[in-house]
$ cat coords.cif   # mmCIF, C-alpha atoms
data_run
#
loop_
_atom_site.label_atom_id
_atom_site.label_comp_id
_atom_site.auth_asym_id
_atom_site.auth_seq_id
_atom_site.Cartn_x
_atom_site.Cartn_y
_atom_site.Cartn_z
CA THR A 28 28.13 -20.05 -24.56
CA ALA A 29 30.57 -17.65 -22.88
CA MET A 30 29.54 -18.86 -19.42
CA SER A 31 29.88 -22.47 -20.56
CA GLN A 32 33.41 -21.70 -21.72
CA VAL A 33 34.29 -20.15 -18.36
CA LEU A 34 32.96 -23.18 -16.43
CA SER A 35 34.94 -25.61 -18.57
CA THR A 36 38.26 -23.75 -18.43
CA GLU A 37 38.35 -21.59 -15.28
CA THR A 38 39.78 -23.00 -12.03
CA ALA A 39 39.54 -20.00 -9.65
CA PRO A 40 36.72 -20.74 -7.17
CA SER A 41 35.62 -17.08 -6.96
CA VAL A 42 35.17 -16.86 -10.75
CA LEU A 43 33.34 -20.19 -10.89
CA ALA A 44 30.98 -19.14 -8.10
CA LEU A 45 30.16 -15.83 -9.79
CA THR A 46 29.56 -17.57 -13.12
CA LEU A 47 27.25 -20.13 -11.53
CA HIS A 48 25.30 -17.39 -9.79
CA GLY A 49 24.98 -15.68 -13.18
CA LEU A 50 23.32 -18.78 -14.62
CA ARG A 51 20.33 -18.26 -12.32
CA ARG A 52 19.05 -15.77 -14.89
CA PHE A 53 18.81 -18.54 -17.49
CA GLN A 54 16.78 -21.14 -15.60
CA ALA A 55 14.55 -21.74 -18.60
CA ASP A 56 17.50 -22.84 -20.74
CA ASP A 57 17.61 -26.65 -20.94
CA ARG A 58 21.42 -26.62 -20.92
CA VAL A 59 21.81 -24.93 -17.54
CA GLY A 60 21.16 -28.02 -15.42
CA GLU A 61 23.90 -30.08 -17.07
CA LEU A 62 26.33 -27.17 -16.79
CA VAL A 63 25.66 -26.70 -13.08
CA LYS A 64 25.33 -30.33 -11.93
CA PRO A 65 29.06 -31.25 -11.87
CA PHE A 66 29.77 -28.38 -9.48
CA LEU A 67 27.48 -29.82 -6.78
CA ARG A 68 30.52 -31.85 -5.65
CA HIS A 69 33.19 -29.20 -6.17
CA ALA A 70 35.96 -29.06 -3.56
CA ASP A 71 35.28 -25.39 -2.77
CA GLU A 72 32.23 -24.78 -0.59
CA ALA A 73 31.42 -21.40 -2.14
CA VAL A 74 31.27 -23.02 -5.58
CA GLN A 75 29.05 -25.78 -4.21
CA GLN A 76 26.71 -23.23 -2.64
CA ALA A 77 26.45 -21.36 -5.94
CA ALA A 78 25.70 -24.60 -7.80
CA ILE A 79 23.00 -25.58 -5.29
CA GLU A 80 21.28 -22.22 -5.65
CA SER A 81 21.58 -22.15 -9.46
CA LEU A 82 20.52 -25.70 -10.29
CA PRO A 83 17.10 -25.73 -11.99
CA LEU A 84 14.78 -28.35 -10.50
CA THR A 85 12.54 -28.94 -13.51
CA GLU A 86 14.12 -32.27 -14.53
CA ASP A 87 14.09 -35.45 -12.43
CA VAL A 88 17.79 -36.07 -13.04
CA HIS A 89 18.70 -32.70 -11.53
CA VAL A 90 16.42 -33.16 -8.51
CA ASN A 91 18.04 -36.55 -7.88
CA ALA A 92 21.50 -35.01 -8.19
CA LEU A 93 20.58 -32.42 -5.56
CA ILE A 94 19.17 -35.14 -3.29
CA ARG A 95 22.48 -37.02 -3.47
CA THR A 96 24.25 -33.84 -2.36
CA LEU A 97 22.61 -34.37 1.05
CA GLY A 98 25.45 -36.85 1.58
CA ASP A 99 28.05 -34.07 1.55
CA PRO A 100 30.17 -34.00 4.75
CA SER A 101 29.61 -30.23 5.14
CA GLU A 102 26.67 -29.41 7.39
CA ALA A 103 26.32 -25.99 5.73
CA ILE A 104 25.96 -27.65 2.31
CA ARG A 105 23.42 -30.17 3.59
CA ASN A 106 21.36 -27.42 5.22
CA ARG A 107 21.31 -25.40 2.00
CA VAL A 108 20.21 -28.47 0.03
CA ILE A 109 17.41 -29.07 2.54
CA GLU A 110 16.24 -25.47 2.14
CA ARG A 111 16.00 -25.87 -1.64
CA LEU A 112 14.31 -29.27 -1.52
CA GLU A 113 11.72 -27.99 0.95
CA LYS A 114 10.52 -25.71 -1.88
CA LEU A 115 10.32 -28.52 -4.42
CA PRO A 116 7.14 -28.36 -6.53
CA ALA A 117 4.46 -30.88 -5.52
CA GLU A 118 4.75 -32.77 -8.81
CA LYS A 119 8.42 -33.53 -8.01
CA GLN A 120 8.03 -34.52 -4.36
CA HIS A 121 7.60 -38.20 -5.22
CA LEU A 122 11.33 -38.18 -6.03
CA LEU A 123 12.07 -37.45 -2.37
CA VAL A 124 10.06 -40.48 -1.31
CA ALA A 125 11.76 -42.70 -3.88
CA GLN A 126 15.21 -41.90 -2.43
CA MET A 127 14.32 -42.41 1.23
CA GLY A 128 15.47 -46.03 1.15
CA THR A 129 19.08 -45.06 0.46
CA HIS A 130 21.86 -46.57 2.57
CA SER A 131 23.48 -43.15 3.04
CA ARG A 132 22.48 -42.03 6.51
CA TRP A 133 23.02 -38.31 5.80
CA VAL A 134 20.85 -38.49 2.69
CA ARG A 135 18.20 -40.53 4.44
CA ASP A 136 18.04 -38.34 7.54
CA GLY A 137 17.90 -35.20 5.40
CA LEU A 138 15.00 -36.56 3.37
CA PHE A 139 13.02 -37.50 6.45
CA GLU A 140 13.65 -34.02 7.88
CA ILE A 141 12.25 -32.55 4.66
CA ALA A 142 9.32 -34.99 4.65
CA ALA A 143 8.28 -33.81 8.11
CA LYS A 144 7.86 -30.26 6.78
CA LEU A 145 6.11 -31.07 3.50
CA GLU A 146 2.60 -32.24 2.79
CA LEU A 147 3.70 -35.42 1.03
CA LYS A 148 0.90 -37.54 -0.37
CA ASP A 149 -0.31 -40.23 2.01
CA VAL A 150 -0.35 -42.78 -0.79
CA ASP A 151 3.32 -42.05 -1.63
CA MET A 152 4.42 -42.51 1.97
CA PHE A 153 2.34 -45.67 2.37
CA ASN A 154 3.86 -47.15 -0.79
CA PHE A 155 7.33 -46.22 0.45
CA CYS A 156 6.76 -47.99 3.78
CA ARG A 157 5.18 -50.97 2.05
CA ASN A 158 8.10 -51.30 -0.37
CA GLN A 159 10.66 -51.05 2.43
CA LEU A 160 8.87 -53.76 4.37
CA GLN A 161 8.73 -55.98 1.30
CA VAL A 162 12.53 -55.99 1.18
CA ALA A 163 12.56 -56.78 4.91
CA TYR A 164 10.24 -59.76 4.39
CA GLU A 165 12.35 -60.93 1.44
CA ALA A 166 15.39 -60.90 3.76
CA VAL A 167 13.47 -63.13 6.20
CA GLN A 168 12.53 -65.40 3.29
CA ARG A 169 16.19 -65.76 2.26
CA SER A 170 17.29 -66.27 5.85
CA HIS A 171 14.73 -69.06 6.22
CA PHE A 172 16.20 -70.83 3.18
CA LEU A 173 19.74 -70.56 4.62
CA ASN A 174 18.54 -72.30 7.78
CA SER A 175 18.12 -75.45 5.68
CA LYS A 176 21.80 -75.40 4.62
CA GLU A 177 24.77 -76.66 6.60
CA GLU A 178 26.16 -73.86 8.72
CA ASN A 179 29.63 -72.50 7.91
CA ALA A 180 31.48 -69.17 8.04
CA ALA A 181 29.91 -67.99 4.77
CA THR A 182 26.30 -68.81 5.72
CA ARG A 183 26.74 -67.27 9.18
CA MET A 184 27.95 -64.00 7.68
CA MET A 185 25.20 -64.09 5.05
CA GLN A 186 22.62 -64.54 7.82
CA GLU A 187 24.06 -61.57 9.68
CA HIS A 188 23.94 -59.48 6.50
CA LEU A 189 20.29 -60.44 5.87
CA GLU A 190 19.32 -59.50 9.41
CA GLU A 191 20.98 -56.10 8.94
CA ILE A 192 18.98 -55.62 5.73
CA ARG A 193 15.77 -56.49 7.59
CA GLN A 194 16.50 -54.05 10.41
CA HIS A 195 17.55 -51.28 8.01
CA ARG A 196 14.37 -51.53 5.94
CA VAL A 197 12.13 -51.77 9.00
CA ASN A 198 13.81 -48.65 10.43
CA ASN A 199 13.22 -46.84 7.13
CA ALA A 200 9.52 -47.73 7.32
CA ILE A 201 9.35 -46.50 10.93
CA MET A 202 10.99 -43.19 9.99
CA GLY A 203 8.54 -42.85 7.10
CA VAL A 204 5.60 -43.35 9.42
CA ALA A 205 7.01 -40.90 11.97
CA ALA A 206 7.62 -38.24 9.30
CA LYS A 207 3.88 -38.00 8.62
CA ASP A 208 3.00 -37.66 12.30
CA SER A 209 2.99 -33.90 12.92
CA GLU A 210 1.95 -34.32 16.56
CA GLY A 211 4.87 -36.59 17.41
CA ARG A 212 2.71 -39.33 18.95
CA ILE A 213 4.39 -42.09 16.96
CA LYS A 214 7.86 -40.98 18.06
CA ILE A 215 6.70 -41.17 21.66
CA ALA A 216 5.31 -44.65 21.10
CA LEU A 217 8.58 -45.77 19.50
CA ARG A 218 10.67 -44.94 22.55
CA GLY A 219 10.01 -48.28 24.22
CA LEU A 220 10.98 -50.37 21.20
CA ASN A 221 14.67 -50.38 22.07
CA SER A 222 14.05 -51.11 25.72
CA GLY A 223 15.54 -54.26 27.17
CA LYS A 224 12.37 -54.69 29.21
CA GLU A 225 9.76 -56.82 27.50
CA ARG A 226 6.90 -54.98 29.19
CA GLU A 227 8.01 -51.61 27.80
CA ARG A 228 8.44 -53.08 24.32
CA SER A 229 5.00 -54.62 24.49
CA ASP A 230 3.43 -51.31 25.58
CA SER A 231 5.23 -49.51 22.74
CA ILE A 232 3.96 -51.98 20.12
CA GLU A 233 0.44 -51.74 21.52
CA ALA A 234 0.55 -47.93 21.29
CA LEU A 235 1.80 -48.14 17.69
CA GLU A 236 -0.98 -50.51 16.76
CA ALA A 237 -3.52 -47.96 17.97
CA LEU A 238 -1.89 -45.12 16.01
CA LEU A 239 -1.14 -46.82 12.67
CA ASP A 240 -3.57 -47.40 9.86
CA ARG A 241 -4.59 -51.06 9.85
CA PRO A 242 -3.02 -51.99 6.47
CA LEU A 243 0.37 -50.64 7.55
CA ALA A 244 0.12 -52.05 11.08
CA ASN A 245 -0.47 -55.52 9.63
CA LEU A 246 2.87 -55.26 7.79
CA LEU A 247 5.01 -53.40 10.32
CA LEU A 248 4.09 -54.88 13.70
CA PRO A 249 5.16 -58.48 12.89
CA MET A 250 8.65 -57.11 12.27
CA LEU A 251 8.78 -55.37 15.66
CA ASP A 252 7.72 -58.06 18.10
CA ASN A 253 9.67 -61.21 18.83
CA ARG A 254 7.57 -63.60 16.80
CA PRO A 255 9.23 -66.55 15.03
CA ASP A 256 10.24 -66.41 11.38
CA TYR A 257 7.54 -68.81 10.23
CA GLU A 258 4.89 -66.32 11.38
CA ARG A 259 6.67 -63.49 9.57
CA LEU A 260 6.88 -65.68 6.48
CA ALA A 261 3.13 -66.21 6.67
CA VAL A 262 2.65 -62.42 6.62
CA GLY A 263 5.05 -62.12 3.68
CA ARG A 264 3.19 -64.84 1.84
CA LYS A 265 -0.19 -63.20 2.45
CA HIS A 266 0.74 -59.62 1.53
CA TYR A 267 3.65 -60.02 -0.89
CA GLY A 268 3.19 -63.51 -2.32
CA LEU A 269 6.55 -64.68 -0.95
CA ALA A 270 6.59 -68.46 -1.23
CA LYS A 271 9.23 -70.84 0.12
CA LEU A 272 12.43 -70.45 -1.90
CA THR A 273 14.12 -73.22 -3.83
CA GLU A 274 17.91 -73.23 -3.94
CA GLN A 275 17.85 -71.98 -7.53
CA GLU A 276 15.49 -69.11 -6.67
CA PHE A 277 17.65 -68.14 -3.70
CA ILE A 278 20.93 -68.14 -5.62
CA GLU A 279 19.62 -66.45 -8.76
CA GLY A 280 17.84 -63.81 -6.70
CA CYS A 281 21.00 -63.03 -4.71
CA LEU A 282 23.25 -63.02 -7.79
CA HIS A 283 21.03 -60.38 -9.39
CA ASP A 284 20.48 -58.37 -6.20
CA ALA A 285 21.09 -54.62 -6.30
CA SER A 286 23.36 -54.90 -3.23
CA TRP A 287 26.94 -55.82 -4.16
CA VAL A 288 27.41 -57.17 -0.63
CA THR A 289 24.57 -59.67 -1.13
CA VAL A 290 26.17 -60.80 -4.40
CA ILE A 291 29.55 -61.29 -2.70
CA MET A 292 28.00 -63.19 0.19
CA VAL A 293 26.17 -65.66 -2.07
CA LEU A 294 29.36 -66.15 -4.12
CA GLU A 295 31.15 -67.05 -0.89
CA CYS A 296 28.41 -69.58 -0.13
CA LEU A 297 28.63 -71.05 -3.64
CA ALA A 298 32.38 -71.49 -3.28
CA ILE A 299 31.60 -73.95 -0.47
CA TRP A 300 28.41 -75.52 -1.82
CA GLY A 301 29.86 -76.23 -5.27
CA ASN A 302 27.55 -77.16 -8.18
CA LEU A 303 28.05 -73.82 -9.93
CA ASP A 304 27.06 -75.12 -13.37
CA PRO A 305 23.46 -73.80 -13.35
CA TYR A 306 24.78 -70.31 -12.55
CA ARG A 307 28.14 -70.43 -14.31
CA SER A 308 27.25 -67.93 -17.05
CA ALA A 309 26.01 -65.36 -14.52
CA ILE A 310 29.12 -65.82 -12.35
CA GLU A 311 31.45 -65.62 -15.35
CA LYS A 312 29.76 -62.36 -16.35
CA ILE A 313 30.41 -60.93 -12.87
CA ALA A 314 34.02 -62.17 -13.02
CA SER A 315 34.59 -60.44 -16.35
CA GLU A 316 33.40 -57.04 -15.17
CA ASP A 317 35.69 -54.49 -13.54
CA TYR A 318 34.06 -54.30 -10.12
CA GLY A 319 36.95 -55.10 -7.78
CA GLY A 320 35.64 -57.25 -4.95
CA LEU A 321 32.79 -58.67 -7.03
CA ALA A 322 35.09 -59.89 -9.81
CA HIS A 323 37.61 -61.26 -7.30
CA THR A 324 34.98 -63.24 -5.40
CA ALA A 325 33.36 -64.53 -8.60
CA ASN A 326 36.73 -65.77 -9.88
CA HIS A 327 37.38 -67.37 -6.52
CA ALA A 328 34.06 -69.23 -6.66
CA LEU A 329 34.80 -70.47 -10.18
CA LYS A 330 38.26 -71.71 -9.17
CA SER A 331 36.91 -73.35 -6.03
CA SER A 332 34.42 -75.32 -8.10
CA ALA A 333 37.32 -76.58 -10.20
CA ASN A 334 39.36 -77.45 -7.08
CA GLY A 335 41.62 -74.52 -7.82
CA HIS A 336 41.76 -73.49 -4.15
CA GLU A 337 42.58 -75.56 -1.11
CA GLU A 338 40.60 -73.23 1.11
CA PRO A 339 36.93 -72.78 0.08
CA LEU A 340 36.65 -69.27 1.50
CA SER A 341 38.23 -66.25 -0.14
CA CYS A 342 40.07 -63.76 2.03
CA LEU A 343 36.97 -61.54 2.39
CA ILE A 344 35.35 -63.28 5.35
CA GLU A 345 38.64 -63.66 7.17
CA ARG A 346 39.44 -59.98 6.60
CA ILE A 347 36.00 -58.89 7.84
CA ASN A 348 36.32 -61.02 10.97
CA ASN A 349 39.76 -59.59 11.68
CA ILE A 350 38.80 -55.97 11.00
CA ARG A 351 35.73 -56.09 13.24
CA LYS A 352 37.93 -57.06 16.20
CA VAL A 353 39.26 -53.50 16.17
CA ASP A 354 37.13 -51.24 18.38
CA LEU A 355 37.04 -48.55 15.69
CA PHE A 356 35.17 -50.89 13.32
CA HIS A 357 33.31 -53.09 15.78
CA ASP A 358 29.86 -51.57 15.24
CA LEU A 359 29.98 -51.39 11.43
CA THR A 360 27.56 -53.43 9.34
CA ILE A 361 28.67 -56.31 7.14
CA GLY A 362 28.33 -54.02 4.12
CA GLN A 363 30.53 -51.36 5.70
CA LEU A 364 33.07 -53.94 6.85
CA ALA A 365 33.15 -55.46 3.36
CA ALA A 366 33.91 -52.03 1.88
CA VAL A 367 36.77 -51.57 4.35
CA ALA A 368 38.01 -55.11 3.69
CA TRP A 369 38.32 -54.56 -0.05
CA GLU A 370 40.31 -51.38 0.52
CA SER A 371 42.69 -53.23 2.84
CA GLU A 372 45.86 -55.05 1.90
CA VAL A 373 47.47 -58.07 3.54
CA ILE A 374 51.18 -57.49 4.13
CA ALA A 375 53.67 -60.21 5.05
CA LEU A 376 56.43 -59.02 7.39
CA GLY A 377 59.69 -60.85 7.92
CA PRO A 378 61.58 -61.17 11.22
CA ASP A 379 62.83 -57.88 12.69
CA LYS A 380 60.92 -55.90 10.05
CA VAL A 381 60.39 -52.32 11.25
CA ILE A 382 56.75 -51.32 10.69
CA ALA A 383 57.09 -47.66 11.66
CA ASP A 384 59.42 -45.28 13.43
CA ALA A 385 60.05 -41.53 13.62
CA ASP A 386 61.60 -41.52 10.14
CA LEU A 387 59.13 -44.00 8.64
CA PRO A 388 55.60 -42.80 9.33
CA LEU A 389 52.68 -45.12 8.65
CA GLN A 390 50.86 -44.67 5.35
CA GLY A 391 47.61 -45.93 6.87
CA LEU A 392 46.05 -47.93 9.69
CA GLN A 393 47.82 -51.24 10.26
CA ILE A 394 46.11 -54.13 12.06
CA ILE A 395 48.33 -56.84 13.43
#
$ encode --input "coords.cif" --output "structure tokens"
Amino acid sequence: TAMSQVLSTETAPSVLALTLHGLRRFQADDRVGELVKPFLRHADEAVQQAAIESLPLTEDVHVNALIRTLGDPSEAIRNRVIERLEKLPAEKQHLLVAQMGTHSRWVRDGLFEIAAKLELKDVDMFNFCRNQLQVAYEAVQRSHFLNSKEENAATRMMQEHLEEIRQHRVNNAIMGVAAKDSEGRIKIALRGLNSGKERERSDSIEALEALLDRPLANLLLPMLDNRPDYERLAVGRKHYGLAKLTEQEFIEGCLHDASWVTVIMVLECLAIWGNLDPYRSAIEKIASEDYGGLAHTANHALKSSANGHEEPLSCLIERINNIRKVDLFHDLTIGQLAAVAWESEVIALGPDKVIADADLPLQGLQII
């Protein structure tokens, strides 16, 4: 109780670190994990280190909290987290696999580094790769549906977003396969995949086919060669039961997708397509929730359907297209660009307006 009082009232980093270290003697106490967990993201690195070392890893929620700490910008913190997770009991290692699909590169790379050093169960890694590839095939399925719609700025950006999802999930599956290859043969075979020469790519895929187990090769290889979407859809249909989507299935699936970017993209499409009535209740629910860009885009779609806007696109797509023209942001994904876009602000400047000078420093990046 005394230590709990110190952690809730003390602000001096040195005292907090000492108190957290002291909690290591009480690992069996169920309350310790919840006391320590908030300090995993403390501003002081010494306090963070103490929290990482003191956090008990008996509960899933605490293991997952430590995994998320792999996204910390400090390399020293990430390395210490990796050291602790490498000693994770076997019965908790499935939690590492479950988080490998994260969009955070630091978290993902850290987990694959850990996976290469642990004897993770083959069945867990196979299921991870299979699940990642299922999302990739679902992206192809959605992209195929969009091909049947009239092309516009919203559908083009949605297609680009779906292709990024496909590539991201395929890369996750590749990293999962490589993590289990202690001899490094798969990494060698992968080198030719990014080659601009078709012969080298073909040799790389052939080498992978020889190294991979047949069930996984049947799922992964169609995503690596340049085969048409209808062939990939046939694979998705055979292994995942992915049938041709109706418009209702496409829209409802995207509106309930875990990715907020996918939800925004389909709302942009709906603002142009109209006929929101079948999905009005779901869109109104999104519009009523306090999720910034999501609520804004949902409200825009609702107003567009009622002829409340002259322009069918909200400002999101225009902002993304303008932001990506800047070299600094050129290589970002649609999801990353969307996040930047919603943090941006459009400013109208009158004639002779001074944007910045020696006595008026800029408060942020301005794109003209």
$ residues_around --input "coords.cif" --residues "region 43-46 of chain A" --least-positions-apart "5" --cutoff "10 Å" --atoms "only C-alpha atoms" --output "short mmCIF file (atom, residue, chain, number, x, y, z; two decimals) with C-alpha atoms, in the coordinates of the input"
data_model
loop_
_atom_site.label_atom_id
_atom_site.label_comp_id
_atom_site.auth_asym_id
_atom_site.auth_seq_id
_atom_site.Cartn_x
_atom_site.Cartn_y
_atom_site.Cartn_z
CA ALA A 29 30.57 -17.65 -22.88
CA MET A 30 29.54 -18.86 -19.42
CA SER A 31 29.88 -22.47 -20.56
CA VAL A 33 34.29 -20.15 -18.36
CA LEU A 34 32.96 -23.18 -16.43
CA SER A 35 34.94 -25.61 -18.57
CA THR A 36 38.26 -23.75 -18.43
CA GLU A 37 38.35 -21.59 -15.28
CA THR A 38 39.78 -23.00 -12.03
CA ARG A 51 20.33 -18.26 -12.32
CA VAL A 63 25.66 -26.70 -13.08
CA PHE A 66 29.77 -28.38 -9.48
CA ASP A 71 35.28 -25.39 -2.77
CA GLU A 72 32.23 -24.78 -0.59
CA ALA A 73 31.42 -21.40 -2.14
CA VAL A 74 31.27 -23.02 -5.58
CA GLN A 75 29.05 -25.78 -4.21
CA GLN A 76 26.71 -23.23 -2.64
CA ALA A 77 26.45 -21.36 -5.94
CA ALA A 78 25.70 -24.60 -7.80
CA SER A 81 21.58 -22.15 -9.46
#
$ closest_residue --input "coords.cif" --among "A:Gln120, A:Asn348, A:Ser231, A:Ser41" --to "Ala142 (chain A)" --atoms "all atoms listed in the file"
A:Gln120
$ atom_distance --input "coords.cif" --atom1 "CA of Ser101 (chain A)" --atom2 "CA of Gln32 (chain A)"
28.4 Å
$ residues_near_point --input "coords.cif" --point "(15.8, -32.2, -16.9)" --cutoff "9 Å" --atoms "all atoms listed in the file" --output "PyMOL selection string"
chain A and resi 57-58+60-61+83-90
$ atom_distance --input "coords.cif" --atom1 "CA of Ser332 (chain A)" --atom2 "CA of Val373 (chain A)"
24.6 Å
$ closest_residue --input "coords.cif" --among "A:Ala200, A:Ala237, A:Ala143, A:Leu138" --to "Asn158 (chain A)" --atoms "all atoms listed in the file"
A:Ala200
$ residues_around --input "coords.cif" --residues "Asn91 (chain A)" --least-positions-apart "6" --cutoff "12 Å" --atoms "only C-alpha atoms" --output "PyMOL selection string"
chain A and resi 60+64+67+82-85+97+108+112+115+119-127+129+134+138
$ resolve_selection --input "coords.cif" --expression "the PyMOL selection byres ((chain A and resi 359-361) around 8)" --output "ChimeraX atom specification"
/A:184,187-188,191,288,347,351,356-358,362-365
$ closest_residue --input "coords.cif" --among "A:Gly223, A:Pro378, A:Gly137, A:Gly320" --to "Met292 (chain A)" --atoms "all atoms listed in the file"
A:Gly320
$ closest_residue --input "coords.cif" --among "A:Asp379, A:His171, A:Arg226, A:Arg135" --to "Arg196 (chain A)" --atoms "only C-alpha atoms"
A:Arg135
$ closest_residue --input "coords.cif" --among "A:Leu282, A:Ala261, A:Leu329, A:Leu321" --to "Asn302 (chain A)" --atoms "only C-alpha atoms"
A:Leu329
$ atom_distance --input "coords.cif" --atom1 "CA of His69 (chain A)" --atom2 "CA of Glu110 (chain A)"
19.2 Å
$ closest_residue --input "coords.cif" --among "A:Arg132, A:Tyr318, A:Ile232, A:Glu372" --to "Leu343 (chain A)" --atoms "all atoms listed in the file"
A:Glu372
$ resolve_selection --input "coords.cif" --expression "the PyMOL selection byres ((chain A and resi 172) around 10)" --output "VMD selection string"
chain A and resid 166 to 171 173 to 176 271 to 274 277
$ residues_near_point --input "coords.cif" --point "(1.6, -41.3, 2.8)" --cutoff "12 Å" --atoms "all atoms listed in the file" --output "mmCIF file with C-alpha atoms, keeping the file's coordinate frame"
data_model
loop_
_atom_site.group_PDB
_atom_site.id
_atom_site.type_symbol
_atom_site.label_atom_id
_atom_site.label_comp_id
_atom_site.auth_asym_id
_atom_site.auth_seq_id
_atom_site.Cartn_x
_atom_site.Cartn_y
_atom_site.Cartn_z
ATOM 1 C CA GLN A 120 8.030 -34.520 -4.360
ATOM 2 C CA HIS A 121 7.600 -38.200 -5.220
ATOM 3 C CA VAL A 124 10.060 -40.480 -1.310
ATOM 4 C CA ALA A 142 9.320 -34.990 4.650
ATOM 5 C CA ALA A 143 8.280 -33.810 8.110
ATOM 6 C CA LEU A 145 6.110 -31.070 3.500
ATOM 7 C CA GLU A 146 2.600 -32.240 2.790
ATOM 8 C CA LEU A 147 3.700 -35.420 1.030
ATOM 9 C CA LYS A 148 0.900 -37.540 -0.370
ATOM 10 C CA ASP A 149 -0.310 -40.230 2.010
ATOM 11 C CA VAL A 150 -0.350 -42.780 -0.790
ATOM 12 C CA ASP A 151 3.320 -42.050 -1.630
ATOM 13 C CA MET A 152 4.420 -42.510 1.970
ATOM 14 C CA PHE A 153 2.340 -45.670 2.370
ATOM 15 C CA ASN A 154 3.860 -47.150 -0.790
ATOM 16 C CA PHE A 155 7.330 -46.220 0.450
ATOM 17 C CA CYS A 156 6.760 -47.990 3.780
ATOM 18 C CA ARG A 157 5.180 -50.970 2.050
ATOM 19 C CA ALA A 200 9.520 -47.730 7.320
ATOM 20 C CA MET A 202 10.990 -43.190 9.990
ATOM 21 C CA GLY A 203 8.540 -42.850 7.100
ATOM 22 C CA VAL A 204 5.600 -43.350 9.420
ATOM 23 C CA ALA A 205 7.010 -40.900 11.970
ATOM 24 C CA ALA A 206 7.620 -38.240 9.300
ATOM 25 C CA LYS A 207 3.880 -38.000 8.620
ATOM 26 C CA ASP A 208 3.000 -37.660 12.300
ATOM 27 C CA LEU A 239 -1.140 -46.820 12.670
ATOM 28 C CA ASP A 240 -3.570 -47.400 9.860
ATOM 29 C CA LEU A 243 0.370 -50.640 7.550
#
$ resolve_selection --input "coords.cif" --expression "the PyMOL selection byres ((chain A and resi 179) around 12)" --output "count of residues only"
21
$ residues_around --input "coords.cif" --residues "Ile201 (chain A)" --least-positions-apart "6" --cutoff "10 Å" --atoms "only C-alpha atoms" --output "number ranges by chain"
A: 156, 159-160, 195, 213-214, 217, 247
$ write_last_selection --input "coords.cif" --atoms "C-alpha atoms" --output "tab-separated table (two decimals), keeping the file's coordinate frame"
chain	number	residue	atom	x	y	z
A	156	CYS	CA	6.76	-47.99	3.78
A	159	GLN	CA	10.66	-51.05	2.43
A	160	LEU	CA	8.87	-53.76	4.37
A	195	HIS	CA	17.55	-51.28	8.01
A	213	ILE	CA	4.39	-42.09	16.96
A	214	LYS	CA	7.86	-40.98	18.06
A	217	LEU	CA	8.58	-45.77	19.50
A	247	LEU	CA	5.01	-53.40	10.32
